[in-house]
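Taking it in order: structure first as structure tokens, then the write-up.
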Amino acid sequence: MNINIGDLVTLKGLSQVNEKPIGLVKATVGPMQLKIIWLNVNVAKRYALKHIVKTKKLEVVSEA
């Protein structure tokens with residue numbers, strides 16, 4: 001699946017977890033990297049997430 005700017009994303013493999021980090025795709029940085037604004041910052045810090053994330057680690061929650 002292709003991830004576009006404005007999509008809501010989360011980490012792959014967290015289907016059984018209640019609190020998932022949710023982010024908004026802000027820009028494409030490289031061929032396989034995206035700049036993400038994490039909406040729930042405390043959960044993102046728990047998973048030690050940065051603002052630049054590889055696309056293979058993400059899955060789309062909602063398309064823009």
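A note on labels: chains of the structure tokens are A, B, ... as shown, every chain counts residues from 1, and ligands are counted from 1 in their shown order.
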
Inset, instruction - Just the alpha helix (DSSP H) stuff from chain A, please, per backbone DSSP, written as a ChimeraX atom specification. - result: /A:41-46

Legend entry - Val9 in chain A surroundings by only C-alpha atoms, 7 Å radius, close-in-sequence under 3 positions cut, as a PyMOL selection string: chain A and resi 22-24+58-61

Could those selected residues go to a file with N, CA and C atoms, as a compact mmCIF listing (two decimals), in the first residue's frame?
```txt
# COMPACT_ATOMS: atom_id res chain seq x y z
N ILE A 22 -0.24 7.17 16.92
CA ILE A 22 -0.89 7.60 15.69
C ILE A 22 -0.18 8.85 15.20
N GLY A 23 0.14 8.86 13.91
CA GLY A 23 0.84 10.01 13.36
C GLY A 23 0.25 10.46 12.05
N LEU A 24 0.55 11.69 11.68
CA LEU A 24 0.11 12.30 10.44
C LEU A 24 1.33 12.48 9.54
N LEU A 58 5.56 1.28 8.88
CA LEU A 58 4.27 1.95 9.07
C LEU A 58 3.15 1.24 8.33
N GLU A 59 1.93 1.44 8.83
CA GLU A 59 0.73 1.01 8.13
C GLU A 59 -0.30 2.13 8.20
N VAL A 60 -1.13 2.22 7.19
CA VAL A 60 -2.11 3.30 7.08
C VAL A 60 -3.34 2.98 7.92
N VAL A 61 -3.75 3.94 8.75
CA VAL A 61 -4.98 3.82 9.54
C VAL A 61 -6.14 4.43 8.75
```

Legend entry - Shell around Asn42 in chain A at 12 Å using only C-alpha atoms, local window under 6 positions removed, as number ranges by chain: A: 19-22, 48-49
